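Engineer: First the structure, which I've put down as structure tokens, then a few questions once you've had a look.
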Amino acid sequence: MSQAEEEFNIEKGRLVHQQRIKIQEYYDKRLKQVNLQKKIQNSNLQNQARLKVLKAREDHVYGVVEEARRRLGQITSDPQRYGPVLQALIVQGLFQLLEPVVTVRCRQADLSLVQSILDSAVRQYKEATKGMNVQIKIDDTFLPANVCGGVEMHTKGNRIKIVNTLESRLDLLAGQMLPEIRTSLFGRNMNRKFDD
């Protein structure tokens with residue numbers, strides 16, 4: 001009987017040991033799953049926080065651009081500053097079009113200023129193009145009053161149109177300078193390889 005009891009105890013010990021190993025493996029597996037879930041949750045929380053920071057930064061950058069857009073209207077109230085800007089916009093539009101007949105559309109509030117600078121804009125264009133003649137007509141439909149300033153120019157038959165309003169110029173400039181604006185507001189981001 002002692003041999004049977006000994007075999008029984010050996011078998012019982014083996015089964016208990018196997019079950020203990022299975023239970024230990026099960027709890028190890030569960031512990032790994034819980035740790036993995038914690039890591040995933042922490043990663044998700046970090047990503048959400050990172051996205052909130054990036055969203056706040058972008059909102060701030062666009063707030064700066066909107067503030068610049070709001071201040072654009074102030075330049076048009078000073079003819080001494082606005083006149084040369086408007087003339088430069090017209091001359092630039094003439095260079096882009098390179099047509100003999102061009103129609104200029106401006107705001108109704110800018111009509112007298114545009115009329116007063118057209119001759120000097122044509123002279124500046126002729127000097128730069130070595131005598132190319134251009135005839136500028138002022139469109140009888142005006143830009144909307146909510147436009148800050150600037151001009152739209154088009155050729156005969158509206159085939160080619162140049163939008164040189166202050167808003168369009170600000171949008172162009174803001175798009176090109178977005179990396180510099182970001183850097184000046186928040187410093188250089190060391191995680192970025194390229195500034196775009």
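The chains in the structure tokens are called A, B, ... from first to last as shown; in each chain the residues are counted from 1, and the ligands are counted from 1 in the order shown.
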Would you mind writing down, as a PyMOL selection string, each residue of region 53-149 of chain A that DSSP on the backbone assigns to alpha helix (DSSP H)?
Structural biologist: chain A and resi 53-75+79-97+111-128
Engineer: Name all residues at most 8 Å from Arg69 (chain A) (count only C-alpha atoms; drop same-chain ones fewer than 3 positions away) and give them as a list of chain:residue names.
Structural biologist: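 My reading of the contact set: A:Val65, A:Glu66, A:Leu72, A:Gly73, A:Glu167, A:Leu170.
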Engineer: Could you name the residues that touch Lys156 (chain A) at 7 Å or less, counting only C-alpha atoms, but leaving out those on the same chain fewer than 2 positions away, as a PyMOL selection string?
Structural biologist: chain A and resi 101-102+154+158-159
Engineer: Limited to N, CA, C and O atoms, could you put the picked residues into a file as a JSON list (two decimals), in the first residue's frame?
Structural biologist:
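What landed in part-v3.json:
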[["chain", "number", "residue", "atom", "x", "y", "z"],
["A", 101, "VAL", "N", -4.49, 96.18, -73.55],
["A", 101, "VAL", "CA", -5.69, 96.79, -72.96],
["A", 101, "VAL", "C", -6.03, 96.01, -71.69],
["A", 101, "VAL", "O", -6.23, 94.80, -71.74],
["A", 102, "VAL", "N", -6.10, 96.74, -70.58],
["A", 102, "VAL", "CA", -6.37, 96.12, -69.28],
["A", 102, "VAL", "C", -7.48, 96.90, -68.59],
["A", 102, "VAL", "O", -7.51, 98.13, -68.64],
["A", 154, "HIS", "N", -8.26, 92.57, -65.37],
["A", 154, "HIS", "CA", -8.53, 91.53, -66.35],
["A", 154, "HIS", "C", -8.34, 92.09, -67.75],
["A", 154, "HIS", "O", -8.37, 93.29, -67.98],
["A", 158, "ASN", "N", -12.39, 89.27, -70.32],
["A", 158, "ASN", "CA", -12.17, 88.55, -69.05],
["A", 158, "ASN", "C", -11.45, 87.22, -69.23],
["A", 158, "ASN", "O", -11.67, 86.29, -68.47],
["A", 159, "ARG", "N", -10.61, 87.11, -70.25],
["A", 159, "ARG", "CA", -9.88, 85.84, -70.47],
["A", 159, "ARG", "C", -8.87, 85.58, -69.37],
["A", 159, "ARG", "O", -8.73, 84.47, -68.90]]
Engineer: List every residue of region 94-166 of chain A that DSSP, applied to the backbone of this structure, places in strand (DSSP E), and write the result as a ChimeraX atom specification.
Structural biologist: /A:101-105,135-138,150-155,161-165
Engineer: To one decimal place in Å, what is the distance between CA of Phe95 (chain A) and CA of Tyr125 (chain A)?
Structural biologist: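 Taking CA of Phe95 (chain A) as the start and CA of Tyr125 (chain A) as the end point, the length is 7.5 Å.
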Engineer: Considering only C-alpha atoms, state which residue in the set A:Gly13, A:Pro84, A:Gly63, A:Pro100 is at the smallest distance from Thr155 (chain A).
Structural biologist: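 Of the candidates, the smallest distance to Thr155 (chain A) is held by A:Pro100.
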Engineer: I'd like the contact shell of Lys161 (chain A) - 12 Å cut-off, only C-alpha atoms, skipping same-chain residues fewer than 6 positions apart - returned as a ChimeraX atom specification.
Structural biologist: /A:93-94,96-99,102-105,151-155
Engineer: Would you output that residue set with N, CA, C and O atoms, as a compact mmCIF listing (two decimals), in the first residue's frame?
Structural biologist:
# COMPACT_ATOMS: atom_id res chain seq x y z
N GLY A 93 0.24 93.86 -61.53
CA GLY A 93 -0.79 93.23 -62.36
C GLY A 93 -0.52 93.43 -63.84
O GLY A 93 -0.74 92.52 -64.65
N LEU A 94 -0.05 94.61 -64.21
CA LEU A 94 0.29 94.87 -65.62
C LEU A 94 1.42 93.95 -66.08
O LEU A 94 1.39 93.43 -67.19
N GLN A 96 2.07 91.02 -64.92
CA GLN A 96 1.56 89.66 -65.02
C GLN A 96 0.72 89.47 -66.28
O GLN A 96 0.75 88.40 -66.89
N LEU A 97 -0.02 90.49 -66.65
CA LEU A 97 -0.90 90.36 -67.82
C LEU A 97 -0.16 90.57 -69.14
O LEU A 97 -0.38 89.85 -70.11
N LEU A 98 0.68 91.61 -69.21
CA LEU A 98 1.41 91.97 -70.45
C LEU A 98 0.46 92.07 -71.65
O LEU A 98 0.72 91.51 -72.72
N GLU A 99 -0.62 92.78 -71.46
CA GLU A 99 -1.61 92.98 -72.52
C GLU A 99 -1.70 94.47 -72.85
O GLU A 99 -1.45 95.32 -72.00
N VAL A 102 -6.10 96.74 -70.58
CA VAL A 102 -6.37 96.12 -69.28
C VAL A 102 -7.48 96.90 -68.59
O VAL A 102 -7.51 98.13 -68.64
N THR A 103 -8.38 96.16 -67.94
CA THR A 103 -9.45 96.78 -67.16
C THR A 103 -9.16 96.58 -65.68
O THR A 103 -8.82 95.48 -65.25
N VAL A 104 -9.28 97.66 -64.92
CA VAL A 104 -9.01 97.63 -63.48
C VAL A 104 -10.34 97.78 -62.74
O VAL A 104 -11.14 98.65 -63.05
N ARG A 105 -10.52 96.90 -61.77
CA ARG A 105 -11.72 96.98 -60.91
C ARG A 105 -11.23 97.28 -59.49
O ARG A 105 -10.34 96.61 -58.97
N VAL A 151 -6.84 95.82 -56.03
CA VAL A 151 -7.51 95.84 -57.33
C VAL A 151 -7.64 94.43 -57.89
O VAL A 151 -6.92 93.53 -57.49
N GLU A 152 -8.57 94.29 -58.82
CA GLU A 152 -8.65 93.12 -59.70
C GLU A 152 -8.44 93.65 -61.10
O GLU A 152 -8.95 94.70 -61.45
N MET A 153 -7.68 92.92 -61.89
CA MET A 153 -7.40 93.36 -63.24
C MET A 153 -7.71 92.23 -64.20
O MET A 153 -7.46 91.06 -63.87
N HIS A 154 -8.26 92.57 -65.37
CA HIS A 154 -8.53 91.53 -66.35
C HIS A 154 -8.34 92.09 -67.75
O HIS A 154 -8.37 93.29 -67.98
N THR A 155 -8.14 91.15 -68.65
CA THR A 155 -7.94 91.52 -70.04
C THR A 155 -9.29 91.65 -70.74
O THR A 155 -10.33 91.37 -70.15
Engineer: Between A:Ala88, A:Met132, A:Ile21, A:Cys148, which has the minimum distance to Ser120 (chain A) (counting only C-alpha atoms)?
Structural biologist: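 The closest residue to Ser120 (chain A) is A:Ala88.
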